[in-house]
$ cat model18.txt   # compact mmCIF, C-alpha atoms
# COMPACT_ATOMS: atom_id res chain seq x y z
CA MET A 1 93.64 120.62 103.37
CA GLU A 2 92.23 120.33 106.89
CA ASN A 3 95.77 120.05 108.25
CA MET A 4 96.72 123.23 106.42
CA LYS A 5 93.79 125.06 108.03
CA SER A 6 94.76 123.81 111.47
CA ALA A 7 98.25 125.17 110.90
CA ARG A 8 96.83 128.66 111.07
CA LYS A 9 95.06 128.38 114.44
CA ASN A 10 95.22 126.51 117.70
CA ASP A 11 92.86 126.37 120.66
CA GLU A 12 94.03 129.77 121.89
CA GLY A 13 93.76 131.50 118.51
CA GLU A 14 96.33 132.29 115.86
CA VAL A 15 99.37 130.04 115.62
CA GLY A 16 101.46 132.82 114.14
CA SER A 17 103.79 133.13 111.19
CA ASP A 18 106.68 131.06 112.55
CA LEU A 19 107.30 128.07 110.32
CA SER A 20 108.08 125.79 113.28
CA GLU A 21 104.75 126.61 114.95
CA GLN A 22 102.84 126.07 111.73
CA ILE A 23 104.49 122.70 111.11
CA LYS A 24 103.69 121.59 114.66
CA ALA A 25 100.04 122.60 114.21
CA ALA A 26 99.75 121.09 110.71
CA THR A 27 101.15 117.72 111.82
CA LYS A 28 99.43 117.42 115.20
CA ASN A 29 96.94 114.73 114.14
CA ASN A 30 99.57 112.86 112.12
CA HIS A 31 101.88 112.92 115.13
CA ILE A 32 99.21 111.30 117.29
CA ARG A 33 98.59 108.63 114.65
CA ALA A 34 102.32 107.87 114.41
CA GLU A 35 102.54 107.42 118.18
CA ASN A 36 99.61 104.99 118.06
CA THR A 37 100.97 102.58 115.46
CA GLN A 38 101.45 99.08 116.80
CA LEU A 39 105.24 99.34 116.67
CA MET A 40 105.34 102.62 118.60
CA LEU A 41 102.78 101.40 121.14
CA SER A 42 105.05 98.43 121.82
CA TYR A 43 107.88 100.88 122.38
CA GLN A 44 105.88 103.01 124.79
CA LYS A 45 104.91 99.92 126.79
CA GLY A 46 108.52 98.80 126.99
CA GLN A 47 107.74 95.72 124.89
CA ILE A 48 110.15 96.30 122.02
CA THR A 49 111.81 93.06 120.89
CA LEU A 50 115.23 92.54 119.33
CA PRO A 51 113.77 91.62 115.90
CA GLN A 52 111.62 94.78 115.99
CA TYR A 53 114.58 96.95 116.93
CA LYS A 54 116.87 95.43 114.28
CA VAL A 55 114.45 95.92 111.40
CA LEU A 56 113.71 99.45 112.66
CA LEU A 57 117.43 100.24 112.61
CA CYS A 58 117.66 98.98 109.03
CA SER A 59 114.89 101.33 107.90
CA LEU A 60 116.29 104.26 109.86
CA TYR A 61 119.66 103.69 108.19
CA VAL A 62 118.18 103.84 104.68
CA ILE A 63 116.09 106.92 105.54
CA TYR A 64 118.90 108.85 107.21
CA LYS A 65 121.40 107.93 104.51
CA ALA A 66 119.13 109.53 101.91
CA LEU A 67 118.26 112.53 104.10
CA GLU A 68 121.83 113.33 105.12
CA GLU A 69 123.31 112.82 101.67
CA GLU A 70 120.72 115.22 100.23
CA LEU A 71 121.31 117.74 103.04
CA ASP A 72 125.06 117.53 102.41
CA ARG A 73 124.58 118.00 98.69
CA ASN A 74 122.31 121.01 99.24
CA SER A 75 124.09 122.48 102.28
CA SER A 76 124.64 125.84 100.56
CA HIS A 77 121.00 126.16 99.45
CA ALA A 78 119.33 129.23 100.99
CA ALA A 79 116.64 127.14 102.70
CA VAL A 80 118.93 124.34 103.87
CA ALA A 81 121.99 126.25 105.11
CA PRO A 82 120.32 127.74 108.23
CA ILE A 83 119.26 124.29 109.54
CA TYR A 84 122.38 122.37 108.45
CA PHE A 85 123.96 120.97 111.65
CA PRO A 86 125.89 117.82 110.66
CA GLN A 87 128.19 117.85 113.70
CA GLU A 88 125.31 118.06 116.13
CA LEU A 89 122.60 116.01 114.43
CA ALA A 90 123.96 113.54 111.86
CA ARG A 91 122.73 110.00 112.64
CA LEU A 92 124.31 107.95 109.88
CA GLU A 93 127.57 107.09 111.64
CA ALA A 94 125.69 106.16 114.81
CA LEU A 95 123.33 103.89 112.88
CA GLU A 96 126.25 102.20 111.11
CA SER A 97 127.81 101.49 114.51
CA ASP A 98 124.56 100.01 115.85
CA LEU A 99 124.03 97.85 112.77
CA GLU A 100 127.57 96.52 112.97
CA HIS A 101 127.00 95.65 116.62
CA PHE A 102 123.88 93.58 115.88
CA PHE A 103 124.68 92.18 112.41
CA GLY A 104 128.49 91.99 112.34
CA SER A 105 131.11 93.49 110.04
CA GLU A 106 129.20 92.57 106.88
CA TRP A 107 125.99 94.25 108.04
CA ARG A 108 125.50 96.08 104.74
CA LYS A 109 124.65 92.78 103.07
CA LYS A 110 121.99 92.08 105.72
CA VAL A 111 120.02 95.35 105.61
CA ILE A 112 116.43 94.50 104.68
CA VAL A 113 113.72 97.14 104.41
CA PRO A 114 110.03 97.06 103.38
CA ALA A 115 108.47 98.87 100.43
CA ALA A 116 107.39 101.86 102.56
CA THR A 117 111.01 102.58 103.49
CA GLN A 118 111.98 102.50 99.84
CA ARG A 119 109.21 104.99 99.04
CA TYR A 120 110.45 107.27 101.83
CA GLU A 121 113.99 107.09 100.45
CA GLN A 122 112.81 107.82 96.91
CA ARG A 123 110.86 110.86 98.10
CA LEU A 124 113.93 112.29 99.84
CA ARG A 125 116.07 111.76 96.75
CA LYS A 126 113.47 113.39 94.52
CA ILE A 127 113.01 116.56 96.55
CA GLY A 128 116.74 116.80 97.18
CA LYS A 129 117.22 117.01 93.45
CA GLU A 130 114.17 119.06 92.48
CA HIS A 131 112.97 121.02 95.55
CA PRO A 132 115.69 121.22 98.25
CA GLU A 133 113.62 123.64 100.35
CA LEU A 134 111.28 120.76 101.17
CA LEU A 135 114.12 118.96 102.95
CA VAL A 136 113.47 121.43 105.78
CA ALA A 137 110.22 119.61 106.60
CA HIS A 138 111.89 116.20 106.78
CA ALA A 139 114.91 117.42 108.77
CA TYR A 140 112.62 119.11 111.31
CA THR A 141 110.27 116.16 111.81
CA ARG A 142 113.08 113.60 112.02
CA TYR A 143 115.85 115.32 113.95
CA LEU A 144 113.80 117.23 116.49
CA GLY A 145 111.60 114.20 117.05
CA ASP A 146 114.61 111.96 117.67
CA LEU A 147 116.31 114.59 119.80
CA SER A 148 113.17 115.07 121.91
CA GLY A 149 112.53 111.39 122.55
CA GLY A 150 116.03 110.03 122.19
CA GLN A 151 116.97 109.79 125.85
CA VAL A 152 113.68 108.19 126.91
CA LEU A 153 113.52 105.73 124.00
CA GLY A 154 117.16 104.82 124.50
CA LYS A 155 116.50 103.84 128.12
CA ILE A 156 113.37 101.92 127.14
CA THR A 157 115.28 100.04 124.45
CA GLN A 158 118.16 99.21 126.78
CA LYS A 159 115.80 97.88 129.45
CA SER A 160 113.51 96.00 127.04
CA LEU A 161 116.39 94.25 125.29
CA GLY A 162 118.35 93.66 128.48
CA LEU A 163 121.45 95.41 127.18
CA SER A 164 124.12 95.86 129.83
CA ASP A 165 125.83 98.81 128.17
CA LYS A 166 125.27 101.42 125.48
CA GLU A 167 126.47 99.27 122.57
CA GLY A 168 123.79 99.11 119.91
CA LEU A 169 122.15 102.30 121.21
CA SER A 170 124.29 104.97 119.51
CA PHE A 171 121.32 106.22 117.50
CA PHE A 172 119.75 107.69 120.62
CA SER A 173 122.87 109.58 121.69
CA PHE A 174 123.63 113.15 120.56
CA PRO A 175 127.13 113.86 121.93
CA GLY A 176 127.34 117.11 119.95
CA VAL A 177 124.29 118.55 121.73
CA THR A 178 124.99 119.59 125.32
CA SER A 179 121.48 120.95 125.97
CA PRO A 180 118.66 119.47 123.85
CA HIS A 181 116.26 122.20 125.01
CA ARG A 182 118.55 125.06 124.02
CA PHE A 183 119.54 123.43 120.78
CA LYS A 184 115.91 122.94 119.77
CA GLN A 185 115.30 126.63 120.44
CA LEU A 186 118.27 127.50 118.21
CA TYR A 187 117.10 125.12 115.51
CA ARG A 188 113.57 126.53 115.46
CA SER A 189 114.94 130.07 115.37
CA ARG A 190 117.14 129.21 112.40
CA MET A 191 114.27 127.50 110.63
CA ASN A 192 111.95 130.43 111.24
CA SER A 193 114.53 132.74 109.66
CA ILE A 194 114.35 130.95 106.29
CA GLU A 195 112.87 133.22 103.65
CA LEU A 196 110.05 131.44 101.82
CA THR A 197 107.24 132.66 99.63
CA GLU A 198 103.72 131.89 100.81
CA GLU A 199 103.51 129.18 98.17
CA GLU A 200 106.80 127.63 99.31
CA LYS A 201 105.71 127.77 102.95
CA THR A 202 102.48 125.96 102.10
CA GLU A 203 104.48 123.31 100.24
CA VAL A 204 106.79 122.85 103.24
CA LEU A 205 103.77 122.37 105.52
CA GLU A 206 102.30 119.82 103.13
CA GLU A 207 105.67 118.04 102.98
CA ALA A 208 105.81 117.87 106.78
CA VAL A 209 102.42 116.14 106.78
CA ALA A 210 103.68 113.81 104.05
CA ALA A 211 106.80 113.07 106.15
CA PHE A 212 104.65 111.87 109.05
CA GLU A 213 102.55 109.76 106.68
CA LEU A 214 105.69 108.16 105.26
CA ASN A 215 106.85 107.34 108.80
CA ILE A 216 103.47 105.83 109.68
CA GLN A 217 103.64 103.65 106.56
CA VAL A 218 107.16 102.51 107.50
CA PHE A 219 106.03 101.56 111.03
CA ASP A 220 103.03 99.66 109.66
CA ASP A 221 105.08 97.89 106.99
CA LEU A 222 107.72 96.85 109.52
CA GLN A 223 105.05 95.40 111.81
CA LYS A 224 103.50 93.47 108.93
CA MET A 225 106.93 92.21 107.91
CA LEU A 226 107.58 90.99 111.45
CA SER A 227 104.14 89.36 111.61
CA ILE A 228 104.85 87.41 108.44
CA THR A 229 108.24 86.46 109.89
CA ALA A 230 106.59 85.04 113.01
CA GLU A 231 104.05 83.10 110.94
CA THR A 232 106.82 81.71 108.74
CA VAL A 233 108.82 80.57 111.75
CA ASN A 234 105.74 78.93 113.29
CA ARG A 235 104.99 77.06 110.08
CA SER A 236 108.59 75.89 109.74
CA GLU A 237 108.60 74.65 113.33
CA GLY A 238 105.45 72.62 112.66
CA ASN A 239 106.67 71.14 109.39
CA ASP A 240 109.04 68.17 109.77
CA PHE A 241 110.04 68.27 106.13
CA LYS A 242 110.99 71.93 106.28
CA THR A 243 112.91 71.66 109.52
CA SER A 244 114.82 68.70 108.16
CA ARG A 245 115.88 70.69 105.08
CA PHE A 246 116.69 74.05 106.73
CA PRO A 247 118.67 74.94 109.88
CA SER A 248 116.29 75.54 112.79
CA SER A 249 118.34 78.14 114.66
CA PRO A 250 116.44 81.32 115.59
CA ILE A 251 118.83 83.42 113.49
CA MET A 252 118.27 81.32 110.37
CA GLN A 253 114.50 81.23 110.93
CA PHE A 254 114.46 84.99 111.40
CA THR A 255 116.45 85.51 108.18
CA VAL A 256 114.25 83.16 106.15
CA GLY A 257 111.13 84.84 107.49
CA LEU A 258 112.40 88.31 106.63
CA CYS A 259 113.25 87.25 103.08
CA VAL A 260 109.74 85.86 102.59
CA ALA A 261 108.23 89.00 104.11
CA LEU A 262 110.29 91.32 101.94
CA THR A 263 109.32 89.44 98.81
CA THR A 264 105.63 89.54 99.75
CA ILE A 265 105.67 93.25 100.52
CA GLY A 266 107.79 94.03 97.47
CA ILE A 267 105.23 92.61 95.03
CA GLY A 268 102.58 94.90 96.42
CA VAL A 269 100.45 92.80 98.72
CA TYR A 270 100.15 95.84 100.98
CA SER A 271 98.91 98.94 99.20
CA LEU A 272 99.45 101.68 101.77

$ encode --input "model18.txt" --output "structure tokens"
Amino acid sequence: MENMKSARKNDEGEVGSDLSEQIKAATKNNHIRAENTQLMLSYQKGQITLPQYKVLLCSLYVIYKALEEELDRNSSHAAVAPIYFPQELARLEALESDLEHFFGSEWRKKVIVPAATQRYEQRLRKIGKEHPELLVAHAYTRYLGDLSGGQVLGKITQKSLGLSDKEGLSFFSFPGVTSPHRFKQLYRSRMNSIELTEEEKTEVLEEAVAAFELNIQVFDDLQKMLSITAETVNRSEGNDFKTSRFPSSPIMQFTVGLCVALTTIGIGVYSL
């Protein structure tokens, strides 16, 4: 409720009636919290690791697959049509290319995501079927966020992982957008033109807050999954019996650790 109140005013006074301004105001605190999760802090410090990036890509793939399939299915809906820009914004093909680069041609069999990602996916499927107008909140928070930080995060990722070219970094590239600044202005204008009742607008604002919370939970779950992976690898390295029974390559250890982590998270150890 506090976030809804803050959507009406900022430090200078009234925010105004534009939906984009109200979403920005309503999600300000959630945005700050998302930027201060352990995973995002590692990113900002240029300390992202390959395991972190790979599991992040897996979750982004599941999230964007659900979002873009629901946007496609509802592309003629009055609230979705104005902000439907598949040629400019769609991320699914780029994510598939990145996953194939890191996991190989059979990458679909290797996609592992935590419980929080599954909840995010389920939420997108549910509103796509029952309340398509709420997809506006998720499209805005995801696409404009990725478009705003894409260039910077792409460079950080390339440097942190020591990548010599752009392979594996397609997610951060928007070839269909020649000017991110101008496109964001167009997108906000289109979004502000959507006709919503006051009740629907309030629900969209609440959904935008929920979208940030879902993202925060995904970041936290991924970090916990990676922590369990590291602990599993450390235990296996210190256990002669285990290392004699299982291959000790980093790839195999990483895979075993992720499987253990996924099982642990899946049975509800972490109630987020």

$ closest_residue --input "model18.txt" --among "A:His138, A:His31, A:Arg182, A:Arg119" --to "Ile83 of chain A" --atoms "all atoms listed in the file"
A:His138

$ residues_around --input "model18.txt" --residues "segment 151-165 of chain A" --least-positions-apart "4" --cutoff "10 Å" --atoms "all atoms listed in the file" --output "mmCIF file with C-alpha atoms, keeping the file's coordinate frame"
data_model
loop_
_atom_site.group_PDB
_atom_site.id
_atom_site.type_symbol
_atom_site.label_atom_id
_atom_site.label_comp_id
_atom_site.auth_asym_id
_atom_site.auth_seq_id
_atom_site.Cartn_x
_atom_site.Cartn_y
_atom_site.Cartn_z
ATOM 1 C CA TYR A 43 107.880 100.880 122.380
ATOM 2 C CA GLN A 44 105.880 103.010 124.790
ATOM 3 C CA LYS A 45 104.910 99.920 126.790
ATOM 4 C CA GLY A 46 108.520 98.800 126.990
ATOM 5 C CA GLN A 47 107.740 95.720 124.890
ATOM 6 C CA ILE A 48 110.150 96.300 122.020
ATOM 7 C CA THR A 49 111.810 93.060 120.890
ATOM 8 C CA LEU A 50 115.230 92.540 119.330
ATOM 9 C CA TYR A 53 114.580 96.950 116.930
ATOM 10 C CA ASP A 146 114.610 111.960 117.670
ATOM 11 C CA LEU A 147 116.310 114.590 119.800
ATOM 12 C CA LEU A 169 122.150 102.300 121.210
ATOM 13 C CA SER A 170 124.290 104.970 119.510
ATOM 14 C CA PHE A 171 121.320 106.220 117.500
ATOM 15 C CA PHE A 172 119.750 107.690 120.620
ATOM 16 C CA SER A 173 122.870 109.580 121.690
ATOM 17 C CA PHE A 174 123.630 113.150 120.560
#

$ residues_near_point --input "model18.txt" --point "(110.5, 96.2, 106.8)" --cutoff "9 Å" --atoms "all atoms listed in the file" --output "short mmCIF file (atom, residue, chain, number, x, y, z; two decimals) with C-alpha atoms, in the frame of the given file"
data_model
loop_
_atom_site.label_atom_id
_atom_site.label_comp_id
_atom_site.auth_asym_id
_atom_site.auth_seq_id
_atom_site.Cartn_x
_atom_site.Cartn_y
_atom_site.Cartn_z
CA VAL A 55 114.45 95.92 111.40
CA LEU A 56 113.71 99.45 112.66
CA CYS A 58 117.66 98.98 109.03
CA SER A 59 114.89 101.33 107.90
CA ILE A 112 116.43 94.50 104.68
CA VAL A 113 113.72 97.14 104.41
CA PRO A 114 110.03 97.06 103.38
CA ALA A 115 108.47 98.87 100.43
CA ALA A 116 107.39 101.86 102.56
CA THR A 117 111.01 102.58 103.49
CA VAL A 218 107.16 102.51 107.50
CA PHE A 219 106.03 101.56 111.03
CA ASP A 220 103.03 99.66 109.66
CA ASP A 221 105.08 97.89 106.99
CA LEU A 222 107.72 96.85 109.52
CA GLN A 223 105.05 95.40 111.81
CA LYS A 224 103.50 93.47 108.93
CA MET A 225 106.93 92.21 107.91
CA LEU A 226 107.58 90.99 111.45
CA LEU A 258 112.40 88.31 106.63
CA ALA A 261 108.23 89.00 104.11
CA LEU A 262 110.29 91.32 101.94
CA ILE A 265 105.67 93.25 100.52
#

$ closest_atom_pairs --input "model18.txt" --of "segment 84-178 of chain A" --to "segment 25-29 of chain A" --cutoff "12 Å" --atoms "all atoms listed in the file" --output "tab-separated table"
residue	atom	partner	partner_atom	distance
A:Ala137	CA	A:Thr27	CA	10.6
A:His138	CA	A:Thr27	CA	12.0
A:Tyr140	CA	A:Thr27	CA	11.6
A:Thr141	CA	A:Thr27	CA	9.3

$ atom_distance --input "model18.txt" --atom1 "atom CA of Gly149 of chain A" --atom2 "atom CA of Ser105 of chain A"
28.7 Å

$ closest_residue --input "model18.txt" --among "A:Ser17, A:Asn215, A:Thr197, A:Gln185" --to "Asn36 of chain A" --atoms "all atoms listed in the file"
A:Asn215

$ atom_distance --input "model18.txt" --atom1 "atom CA of Leu99 of chain A" --atom2 "atom CA of Ala66 of chain A"
16.7 Å

$ closest_atom_pairs --input "model18.txt" --of "segment 40-107 of chain A" --to "segment 199-214 of chain A" --cutoff "12 Å" --atoms "all atoms listed in the file" --output "JSON lines"
{"residue": "A:Ser59", "atom": "CA", "partner": "A:Leu214", "partner_atom": "CA", "distance": 11.8}
{"residue": "A:Ile63", "atom": "CA", "partner": "A:Leu214", "partner_atom": "CA", "distance": 10.5}
{"residue": "A:Leu67", "atom": "CA", "partner": "A:Ala211", "partner_atom": "CA", "distance": 11.7}
{"residue": "A:Ala79", "atom": "CA", "partner": "A:Glu200", "partner_atom": "CA", "distance": 10.4}

$ axis_aligned_box --input "model18.txt" --around "segment 155-158 of chain A" --padding-each-side "8 Å" --output "JSON"
{"center_x": 115.8, "center_y": 101.5, "center_z": 126.3, "size_x": 20.8, "size_y": 20.6, "size_z": 19.7}

$ atom_distance --input "model18.txt" --atom1 "atom CA of Ala94 of chain A" --atom2 "atom CA of Leu60 of chain A"
10.8 Å

$ closest_residue --input "model18.txt" --among "A:Met191, A:Leu144, A:Ile32, A:Leu57" --to "Phe103 of chain A" --atoms "only C-alpha atoms"
A:Leu57
